[in-house]
Amino acid sequence: MKNTKDKNLSIQFHLDGFSFSIQDTLSKKDMYFCKYTFPETQATPESLLLKIEDIFKKDTHLQQDFSSVIVIHQNNLVTLVPNEYFNKNQLASYLNFNIKTLATDFITFDEIDSIEAKNVYVPYVNINNYLFNNFGEFNYKHHSTVLIDKLIQQSKSETKTMYVNVSKTTFDIVVLENKKLLLYNSFTYTSEEDFLYYILFVAEQLQLDTNEFPLYLMGRISLNSTLYKLIYKYVKNIYFLESKNPIFKELNLETHTNFILLGE
């Protein structure tokens, strides 16, 4: 890659690891992609930062100058609030319906114009501070903001459709109907049975017939995985959401993986 500043960096952090892509500013094409998965899920943002600092010292791709930097925080410290009910002075109260927040937590929100809502969440502030020292000013979002926006842009189905984005210890479920968001939630799983339970529970709550509704999979799941085989026993119309990003031709990765950064 040319050692010039005409590159954009997108970087996604979560307690299981982080990944990043470098994009050419003019062509908008991804030039480079890398993913780090930790052997063990980090218990705190502090231990995550220690891992990140060590990698930044070694990976020369992260030591370049960039035209812009976008940071994506992936966690389940998030909730959606429709615009009509949103008050920026009540951020903690929205999160406290779902999670326990601390008085010291920094809480922010993203605009999701496509669903006329705000996405309220707790970012990894210590990582933001570290990146500011490395790159200067940058933009950041919650991963579910990017996920929902991308899926709505790509969706062509007029019927209820479920999308499942799988990570190492968590997964997201998004249900759309005619480009309208019916549900978003993030779940933690420790077994295949946990994973299946949440999918079937969401299907039941939204009255989705497991013999009829389409389910699209993304992320850390493959045709031969035990997760896939278990789901297929109960849900019949399963597909992988394939990306058209040409960088996959250069990577030894399945095209339904890394949707947040590489999905097109």
# chains A, B, ... in the order shown; residues from 1 in each chain; ligands from 1
$ closest_atom_pairs --of "stretch 16-56 of chain A" --to "stretch 229-246 of chain A" --cutoff "10 Å" --atoms "only C-alpha atoms" --output "Markdown table"
| residue | atom | partner | partner_atom | distance |
| --- | --- | --- | --- | --- |
| A:Lys29 | CA | A:Pro246 | CA | 8.2 |
| A:Asp30 | CA | A:Asn245 | CA | 8.0 |
| A:Met31 | CA | A:Pro246 | CA | 9.7 |
$ residues_around --residues "A:Phe201" --least-positions-apart "4" --cutoff "12 Å" --atoms "only C-alpha atoms" --output "list in words"
Ile173, Asn185, Phe187, Glu193, Asp194, Phe195, Leu196, Tyr197, Gln205, Leu206, Gln207, Leu208, Asp209, Thr210 and Tyr234 of chain A
$ write_last_selection --atoms "C-alpha atoms" --output "CSV table (one decimal), in the first residue's frame"
chain,number,residue,atom,x,y,z
A,173,ILE,CA,-30.7,-10.8,16.0
A,185,ASN,CA,-31.3,-7.6,20.4
A,187,PHE,CA,-27.5,-12.2,23.3
A,193,GLU,CA,-28.6,-24.8,23.0
A,194,ASP,CA,-28.5,-21.2,24.2
A,195,PHE,CA,-28.0,-20.0,20.6
A,196,LEU,CA,-31.0,-22.1,19.3
A,197,TYR,CA,-33.2,-21.1,22.3
A,205,GLN,CA,-42.6,-13.8,19.9
A,206,LEU,CA,-42.9,-12.4,16.4
A,207,GLN,CA,-45.1,-15.3,15.2
A,208,LEU,CA,-42.6,-16.5,12.6
A,209,ASP,CA,-43.3,-19.9,11.1
A,210,THR,CA,-40.1,-21.9,11.3
A,234,TYR,CA,-35.8,-26.4,13.5
$ closest_residue --among "A:Thr25, A:Asn178, A:Asn96, A:Gln90" --to "A:Ser157" --atoms "only C-alpha atoms"
A:Asn178
$ closest_residue --among "A:His256, A:Lys5, A:Lys88, A:His73" --to "A:Ser19" --atoms "only C-alpha atoms"
A:His73
$ residues_around --residues "stretch 48-51 of chain A" --least-positions-apart "3" --cutoff "12 Å" --atoms "only C-alpha atoms" --output "list in words"
Phe13, His14, Leu15, Asp16, Gly17, Phe18, Tyr36, Thr37, Phe38, Pro39, Glu40, Thr41, Gln42, Ala43, Thr44, Pro45, Asp54, Ile55, Phe56, Lys57, Lys58, Tyr124, Val125, Asn126, Ile127, Asn128, Asn129, Tyr130 and Leu131 of chain A
$ closest_residue --among "A:Asn134, A:Ile99, A:Asn83, A:Leu77" --to "A:Val120" --atoms "only C-alpha atoms"
A:Leu77
